[in-house]
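Structure file final_34.cif; described as mmCIF, C-alpha atoms.
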```cif
data_final
#
loop_
_atom_site.group_PDB
_atom_site.id
_atom_site.type_symbol
_atom_site.label_atom_id
_atom_site.label_comp_id
_atom_site.auth_asym_id
_atom_site.auth_seq_id
_atom_site.Cartn_x
_atom_site.Cartn_y
_atom_site.Cartn_z
ATOM 1 C CA MET A 183 52.121 51.440 -73.276
ATOM 2 C CA ARG A 184 49.924 54.086 -74.867
ATOM 3 C CA LYS A 185 49.607 57.512 -73.281
ATOM 4 C CA GLY A 186 45.971 56.938 -72.328
ATOM 5 C CA GLU A 187 46.832 53.718 -70.534
ATOM 6 C CA GLN A 188 49.790 55.403 -68.817
ATOM 7 C CA THR A 189 47.452 58.111 -67.524
ATOM 8 C CA ARG A 190 44.982 55.495 -66.361
ATOM 9 C CA GLN A 191 47.634 53.587 -64.426
ATOM 10 C CA GLU A 192 48.911 56.816 -62.893
ATOM 11 C CA ILE A 193 45.411 57.659 -61.667
ATOM 12 C CA ILE A 194 45.157 54.226 -60.048
ATOM 13 C CA ARG A 195 48.579 54.591 -58.424
ATOM 14 C CA LYS A 196 47.726 57.995 -56.956
ATOM 15 C CA ALA A 197 44.200 57.044 -55.917
ATOM 16 C CA ALA A 198 45.198 53.813 -54.166
ATOM 17 C CA PRO A 199 46.587 55.464 -50.988
ATOM 18 C CA LEU A 200 43.458 57.592 -50.625
ATOM 19 C CA PHE A 201 41.099 54.623 -50.781
ATOM 20 C CA ASN A 202 43.400 52.533 -48.574
ATOM 21 C CA GLN A 203 43.627 55.219 -45.894
ATOM 22 C CA ARG A 204 40.168 56.793 -46.028
ATOM 23 C CA GLY A 205 37.941 54.077 -47.406
ATOM 24 C CA TYR A 206 35.499 54.301 -50.287
ATOM 25 C CA GLU A 207 33.169 56.845 -48.703
ATOM 26 C CA GLY A 208 35.977 58.851 -47.131
ATOM 27 C CA ALA A 209 37.858 59.352 -50.399
ATOM 28 C CA ALA A 210 35.947 62.304 -51.834
ATOM 29 C CA LEU A 211 36.062 63.249 -55.501
ATOM 30 C CA SER A 212 37.797 66.490 -54.545
ATOM 31 C CA ASP A 213 40.537 64.447 -52.834
ATOM 32 C CA LEU A 214 40.955 62.291 -55.925
ATOM 33 C CA MET A 215 41.152 65.373 -58.130
ATOM 34 C CA LYS A 216 43.805 66.897 -55.888
ATOM 35 C CA ALA A 217 45.856 63.697 -55.741
ATOM 36 C CA THR A 218 45.780 63.090 -59.499
ATOM 37 C CA GLY A 219 45.922 66.711 -60.647
ATOM 38 C CA LEU A 220 42.927 66.060 -62.918
ATOM 39 C CA GLU A 221 39.440 67.469 -63.101
ATOM 40 C CA LYS A 222 36.379 65.269 -62.706
ATOM 41 C CA GLY A 223 36.091 64.783 -66.467
ATOM 42 C CA GLY A 224 39.762 63.825 -66.698
ATOM 43 C CA ILE A 225 39.282 61.056 -64.152
ATOM 44 C CA TYR A 226 36.001 59.738 -65.532
ATOM 45 C CA ARG A 227 37.384 59.712 -69.047
ATOM 46 C CA HIS A 228 39.287 56.623 -67.921
ATOM 47 C CA PHE A 229 36.828 55.083 -65.423
ATOM 48 C CA GLU A 230 33.102 54.531 -65.631
ATOM 49 C CA SER A 231 32.602 55.373 -61.962
ATOM 50 C CA LYS A 232 34.249 55.944 -58.605
ATOM 51 C CA GLN A 233 33.355 52.320 -57.838
ATOM 52 C CA GLN A 234 35.428 51.074 -60.766
ATOM 53 C CA LEU A 235 38.379 53.246 -59.767
ATOM 54 C CA ALA A 236 38.184 52.024 -56.166
ATOM 55 C CA ALA A 237 38.098 48.400 -57.324
ATOM 56 C CA GLU A 238 41.148 48.791 -59.553
ATOM 57 C CA ALA A 239 42.968 50.759 -56.864
ATOM 58 C CA PHE A 240 42.380 47.824 -54.519
ATOM 59 C CA ASP A 241 43.741 45.390 -57.118
ATOM 60 C CA TYR A 242 46.855 47.556 -57.480
ATOM 61 C CA ALA A 243 47.426 47.834 -53.715
ATOM 62 C CA TRP A 244 46.785 44.136 -53.135
ATOM 63 C CA LYS A 245 49.199 43.025 -55.870
ATOM 64 C CA LEU A 246 51.947 45.111 -54.280
ATOM 65 C CA ALA A 247 51.174 43.575 -50.892
ATOM 66 C CA MET A 248 51.169 40.003 -52.192
ATOM 67 C CA ASP A 249 54.335 40.436 -54.257
ATOM 68 C CA THR A 250 56.069 41.783 -51.146
ATOM 69 C CA ARG A 251 54.811 39.017 -48.865
ATOM 70 C CA PHE A 252 56.064 36.275 -51.188
ATOM 71 C CA GLU A 253 59.273 38.059 -52.153
ATOM 72 C CA ALA A 254 62.415 35.899 -52.026
ATOM 73 C CA THR A 255 60.459 32.741 -51.173
ATOM 74 C CA GLU A 256 60.743 30.835 -54.459
ATOM 75 C CA GLY A 257 64.464 30.207 -54.008
ATOM 76 C CA ILE A 258 64.089 28.890 -50.451
ATOM 77 C CA SER A 259 64.221 25.129 -49.964
ATOM 78 C CA GLY A 260 61.782 23.585 -47.535
ATOM 79 C CA SER A 261 58.134 24.480 -47.142
ATOM 80 C CA VAL A 262 58.393 25.452 -43.475
ATOM 81 C CA ASN A 263 61.293 27.759 -44.310
ATOM 82 C CA ARG A 264 59.178 29.374 -47.024
ATOM 83 C CA LEU A 265 56.280 29.892 -44.624
ATOM 84 C CA LYS A 266 58.633 31.455 -42.083
ATOM 85 C CA GLN A 267 59.992 33.797 -44.766
ATOM 86 C CA ILE A 268 56.438 34.916 -45.602
ATOM 87 C CA VAL A 269 55.928 35.750 -41.925
ATOM 88 C CA ARG A 270 59.195 37.696 -41.845
ATOM 89 C CA ASN A 271 58.267 39.519 -45.035
ATOM 90 C CA PHE A 272 54.995 40.618 -43.444
ATOM 91 C CA ARG A 273 56.948 42.012 -40.515
ATOM 92 C CA ASP A 274 60.013 43.467 -42.226
ATOM 93 C CA ARG A 275 59.261 44.359 -45.861
ATOM 94 C CA ARG A 276 56.992 47.368 -45.497
ATOM 95 C CA ALA A 277 58.696 49.889 -47.761
ATOM 96 C CA GLY A 278 57.055 50.408 -51.127
ATOM 97 C CA LEU A 279 53.603 49.285 -50.043
ATOM 98 C CA VAL A 280 50.572 51.501 -50.545
ATOM 99 C CA ALA A 281 50.222 53.865 -47.588
ATOM 100 C CA GLY A 282 47.551 52.990 -45.068
ATOM 101 C CA GLY A 283 48.321 49.406 -44.089
ATOM 102 C CA CYS A 284 46.996 46.124 -45.424
ATOM 103 C CA PRO A 285 44.467 46.726 -48.236
ATOM 104 C CA LEU A 286 42.719 43.447 -47.449
ATOM 105 C CA LEU A 287 42.043 44.403 -43.837
ATOM 106 C CA ASN A 288 41.113 47.981 -44.716
ATOM 107 C CA THR A 289 38.786 47.086 -47.569
ATOM 108 C CA GLY A 290 37.212 44.170 -45.746
ATOM 109 C CA VAL A 291 36.291 46.333 -42.759
ATOM 110 C CA ASP A 292 35.329 49.392 -44.807
ATOM 111 C CA SER A 293 33.053 47.494 -47.181
ATOM 112 C CA ASP A 294 31.594 44.977 -44.738
ATOM 113 C CA ASP A 295 28.013 46.216 -44.993
ATOM 114 C CA GLY A 296 27.776 49.088 -47.429
ATOM 115 C CA ASN A 297 29.759 48.097 -50.501
ATOM 116 C CA PRO A 298 29.168 44.500 -51.639
ATOM 117 C CA GLN A 299 31.314 44.848 -54.777
ATOM 118 C CA LEU A 300 34.419 45.854 -52.823
ATOM 119 C CA ARG A 301 33.624 43.281 -50.144
ATOM 120 C CA GLU A 302 33.632 40.595 -52.848
ATOM 121 C CA LYS A 303 36.998 41.918 -54.057
ATOM 122 C CA ALA A 304 38.389 41.536 -50.547
ATOM 123 C CA ARG A 305 36.860 38.053 -50.176
ATOM 124 C CA ARG A 306 38.481 36.861 -53.397
ATOM 125 C CA ALA A 307 41.815 38.375 -52.363
ATOM 126 C CA LEU A 308 41.668 36.486 -49.082
ATOM 127 C CA SER A 309 40.844 33.270 -50.919
ATOM 128 C CA SER A 310 43.844 33.711 -53.210
ATOM 129 C CA TRP A 311 46.174 34.230 -50.251
ATOM 130 C CA LEU A 312 44.785 31.186 -48.443
ATOM 131 C CA GLU A 313 45.202 29.070 -51.569
ATOM 132 C CA ARG A 314 48.845 30.097 -52.030
ATOM 133 C CA LEU A 315 49.677 29.210 -48.442
ATOM 134 C CA GLN A 316 47.776 25.926 -48.674
ATOM 135 C CA THR A 317 49.747 25.017 -51.799
ATOM 136 C CA ILE A 318 53.024 25.485 -49.929
ATOM 137 C CA ILE A 319 51.755 23.465 -46.955
ATOM 138 C CA GLU A 320 50.455 20.607 -49.103
ATOM 139 C CA GLU A 321 53.724 20.527 -51.041
ATOM 140 C CA GLY A 322 55.536 20.219 -47.718
ATOM 141 C CA GLN A 323 53.300 17.306 -46.770
ATOM 142 C CA ARG A 324 54.065 15.486 -50.023
ATOM 143 C CA ARG A 325 57.778 15.917 -49.320
ATOM 144 C CA GLY A 326 57.505 14.731 -45.727
ATOM 145 C CA GLU A 327 58.451 18.161 -44.354
ATOM 146 C CA ILE A 328 55.065 18.721 -42.711
ATOM 147 C CA PRO A 329 53.046 15.919 -41.049
ATOM 148 C CA GLY A 330 50.118 14.637 -43.069
ATOM 149 C CA ASP A 331 47.705 15.146 -40.183
ATOM 150 C CA VAL A 332 48.194 18.929 -40.297
ATOM 151 C CA ASP A 333 45.076 20.530 -41.762
ATOM 152 C CA ALA A 334 46.445 22.755 -44.539
ATOM 153 C CA SER A 335 43.369 24.958 -44.630
ATOM 154 C CA GLU A 336 43.365 25.503 -40.869
ATOM 155 C CA LEU A 337 47.096 26.275 -40.787
ATOM 156 C CA ALA A 338 46.796 28.791 -43.636
ATOM 157 C CA THR A 339 43.887 30.454 -41.846
ATOM 158 C CA LEU A 340 45.855 30.573 -38.576
ATOM 159 C CA ILE A 341 48.823 32.267 -40.259
ATOM 160 C CA ILE A 342 46.736 34.895 -42.010
ATOM 161 C CA SER A 343 44.490 35.589 -39.011
ATOM 162 C CA THR A 344 47.465 36.037 -36.697
ATOM 163 C CA LEU A 345 49.265 38.364 -39.102
ATOM 164 C CA GLU A 346 46.247 40.502 -39.971
ATOM 165 C CA GLU A 347 44.987 40.825 -36.394
ATOM 166 C CA SER A 348 48.452 41.759 -35.114
ATOM 167 C CA GLN A 349 48.667 44.416 -37.810
ATOM 168 C CA MET A 350 45.351 45.872 -36.685
ATOM 169 C CA VAL A 351 46.485 46.029 -33.039
ATOM 170 C CA SER A 352 49.816 47.593 -34.041
ATOM 171 C CA ARG A 353 48.001 50.294 -35.986
ATOM 172 C CA LEU A 354 45.629 51.028 -33.120
ATOM 173 C CA GLN A 355 48.480 51.247 -30.621
ATOM 174 C CA ARG A 356 50.801 52.967 -33.113
ATOM 175 C CA GLN A 357 53.670 50.648 -32.292
ATOM 176 C CA ASP A 358 55.263 47.611 -33.909
ATOM 177 C CA ASP A 359 55.439 45.372 -30.821
ATOM 178 C CA PRO A 360 52.142 43.496 -31.358
ATOM 179 C CA ARG A 361 53.011 42.628 -34.949
ATOM 180 C CA ASN A 362 56.591 41.695 -34.055
ATOM 181 C CA SER A 363 55.457 39.474 -31.169
ATOM 182 C CA ALA A 364 52.857 37.727 -33.323
ATOM 183 C CA CYS A 365 55.386 37.067 -36.089
ATOM 184 C CA HIS A 366 57.905 35.692 -33.583
ATOM 185 C CA HIS A 367 55.213 33.395 -32.162
ATOM 186 C CA LEU A 368 54.278 32.154 -35.635
ATOM 187 C CA GLU A 369 57.898 31.401 -36.510
ATOM 188 C CA GLU A 370 58.276 29.372 -33.315
ATOM 189 C CA TYR A 371 54.992 27.576 -33.929
ATOM 190 C CA LEU A 372 55.983 26.626 -37.474
ATOM 191 C CA GLU A 373 59.332 25.328 -36.260
ATOM 192 C CA THR A 374 58.141 23.401 -33.215
ATOM 193 C CA LYS A 375 54.592 22.332 -34.092
ATOM 194 C CA VAL A 376 54.480 22.163 -37.886
ATOM 195 C CA ARG A 377 57.883 20.981 -39.081
ATOM 196 C CA ALA A 378 57.946 17.171 -39.193
ATOM 197 C CA LYS A 379 60.307 15.584 -36.657
ATOM 198 C CA GLU A 380 62.154 13.602 -39.304
ATOM 199 C CA SER A 381 62.591 16.729 -41.410
ATOM 200 C CA LYS A 382 63.870 18.567 -38.331
ATOM 201 C CA ARG A 383 66.448 15.851 -37.640
ATOM 202 C CA ARG A 384 67.676 16.012 -41.233
ATOM 203 C CA ALA A 385 68.010 19.792 -40.983
ATOM 204 C CA GLU A 386 69.992 19.515 -37.739
ATOM 205 C CA LYS A 387 72.400 16.958 -39.285
ATOM 206 C CA SER A 388 73.038 18.982 -42.450
#
```

The structure given in the file should be rewritten as structure tokens.
Amino acid sequence: MRKGEQTRQEIIRKAAPLFNQRGYEGAALSDLMKATGLEKGGIYRHFESKQQLAAEAFDYAWKLAMDTRFEATEGISGSVNRLKQIVRNFRDRRAGLVAGGCPLLNTGVDSDDGNPQLREKARRALSSWLERLQTIIEEGQRRGEIPGDVDASELATLIISTLEESQMVSRLQRQDDPRNSACHHLEEYLETKVRAKESKRRAEKS
């Protein structure tokens, strides 16, 4: 990687926590200069605008979040088991994420009315997460692990809504109990309401 690209990536890495914690408007240029150790010209040598930097900082933060949420799931057999691992990852694997909480929730709320470009970024990120969960659910249906009458889109939406809303409540209350309780409920729901009965019997016999 060339030096210019290394500098650019370092700016994104250092700017991401500011945008994730303070939002687009709250992250002042002076804050970005302090965080990166660069003057205004040094930052804008690599980015056309603050908007572009914010968008790429979101992409960086969201990739970290998604990689963490799906970590260690590829080697797990059984679609319900994979979904349960994603729930556990959301609850337990928090180290190494960009400071400030979920970038999807933060950016979606921050940009709801005043920043359509960032709002579109958040909308596409949500769509990508929904699609990945739906793929796992539909694969489970093809294998007989999840009943065919389960609506994959609705289940994916339920999982994400429960996780994101519990994270918001945990942040407001400054305690982990709401998130932990929601994750425990989702794990039970996936086991008792989503896993196909035949698949459950096979698992109990093995």

Taking the file above as input, evaluate the PyMOL selection byres ((chain A and resi 302) around 12) and report the hits as a short mmCIF file (atom, residue, chain, number, x, y, z; two decimals) with C-alpha atoms, in the frame of the given file.
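Written out: selection.cif:
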```cif
data_model
loop_
_atom_site.label_atom_id
_atom_site.label_comp_id
_atom_site.auth_asym_id
_atom_site.auth_seq_id
_atom_site.Cartn_x
_atom_site.Cartn_y
_atom_site.Cartn_z
CA ALA A 237 38.10 48.40 -57.32
CA PHE A 240 42.38 47.82 -54.52
CA ASP A 241 43.74 45.39 -57.12
CA LEU A 286 42.72 43.45 -47.45
CA THR A 289 38.79 47.09 -47.57
CA GLY A 290 37.21 44.17 -45.75
CA VAL A 291 36.29 46.33 -42.76
CA SER A 293 33.05 47.49 -47.18
CA ASP A 294 31.59 44.98 -44.74
CA ASP A 295 28.01 46.22 -44.99
CA GLY A 296 27.78 49.09 -47.43
CA ASN A 297 29.76 48.10 -50.50
CA PRO A 298 29.17 44.50 -51.64
CA GLN A 299 31.31 44.85 -54.78
CA LEU A 300 34.42 45.85 -52.82
CA ARG A 301 33.62 43.28 -50.14
CA LYS A 303 37.00 41.92 -54.06
CA ALA A 304 38.39 41.54 -50.55
CA ARG A 305 36.86 38.05 -50.18
CA ARG A 306 38.48 36.86 -53.40
CA ALA A 307 41.82 38.38 -52.36
CA LEU A 308 41.67 36.49 -49.08
CA SER A 309 40.84 33.27 -50.92
#
```

Which residues would end up in the selection if the PyMOL selection byres ((chain A and resi 225) around 10) were applied here, given that I need the answer as a compact mmCIF listing (two decimals) with C-alpha atoms, in the coordinates of the input?
```
# COMPACT_ATOMS: atom_id res chain seq x y z
CA THR A 189 47.45 58.11 -67.52
CA ARG A 190 44.98 55.50 -66.36
CA ILE A 193 45.41 57.66 -61.67
CA ILE A 194 45.16 54.23 -60.05
CA LEU A 211 36.06 63.25 -55.50
CA LEU A 214 40.96 62.29 -55.92
CA MET A 215 41.15 65.37 -58.13
CA THR A 218 45.78 63.09 -59.50
CA GLY A 219 45.92 66.71 -60.65
CA LEU A 220 42.93 66.06 -62.92
CA GLU A 221 39.44 67.47 -63.10
CA LYS A 222 36.38 65.27 -62.71
CA GLY A 223 36.09 64.78 -66.47
CA GLY A 224 39.76 63.82 -66.70
CA TYR A 226 36.00 59.74 -65.53
CA ARG A 227 37.38 59.71 -69.05
CA HIS A 228 39.29 56.62 -67.92
CA PHE A 229 36.83 55.08 -65.42
CA GLU A 230 33.10 54.53 -65.63
CA SER A 231 32.60 55.37 -61.96
CA LYS A 232 34.25 55.94 -58.60
CA LEU A 235 38.38 53.25 -59.77
```

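Proximity ranking of A:Asp213, A:Glu373, A:Gly326, A:Met350 relative to Arg264 (chain A) places A:Glu373 first, based on all atoms listed in the file.
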
Query raised in the report: Nearest to Leu368 (chain A): which of A:Lys245, A:Lys266, A:Arg356, A:Arg204 is it, counting only C-alpha atoms?
Result: A:Lys266

Report task. Return the single residue from A:Leu287, A:Ala217, A:Ala209, A:Val351 that is closest to Ala247 (chain A), with distances computed using only C-alpha atoms. Result -> A:Leu287

Query raised in the report: Rounded to one decimal in Å, what is the spacing between CA of Glu370 (chain A) and CA of Gly278 (chain A)?
Result: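 The value is 27.6 Å.
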
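Selection by the PyMOL selection byres ((chain A and resi 337) around 10) on the present file picks out Leu312, Leu315, Gln316, Ile319, Val332, Asp333, Ala334, Ser335, Glu336, Ala338, Thr339, Leu340, Ile341, Ile342, Ser343, Leu372 and Val376 of chain A.
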
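Distance annotation: of A:Cys365, A:Arg314, A:Ala198, A:Ala210, the residue with the minimal separation from Asp249 (chain A) is A:Arg314; atom set is only C-alpha atoms.
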
Report summary line: Closest of A:Glu253, A:Glu320, A:Glu313, A:Glu238 to Phe201 (chain A), counting only C-alpha atoms, is A:Glu238

Query raised in the report: From the list A:Gln191, A:Ser363, A:Asn202, A:Ser352, which residue is nearest Trp244 (chain A) when using only C-alpha atoms?
Result: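 Among the listed residues, A:Asn202 lies closest to Trp244 (chain A).
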
Box in all listed atoms of region 343-346 of chain A, axis-aligned, with 6 Å more on each side; write out centre and edge lengths in Å to one decimal as lines of an AutoDock Vina configuration file.
```
center_x = 46.9
center_y = 38.0
center_z = -38.3
size_x = 16.8
size_y = 16.9
size_z = 15.3
```

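Interatomic distance, CA of Gln233 (chain A) against CA of Glu346 (chain A): 25.0 Å.
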
**Report entry** Between CA of Ser259 (chain A) and CA of Tyr371 (chain A), distance in Å (one decimal)
**Finding:**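 Calculated distance between CA of Ser259 (chain A) and CA of Tyr371 (chain A) is 18.7 Å.
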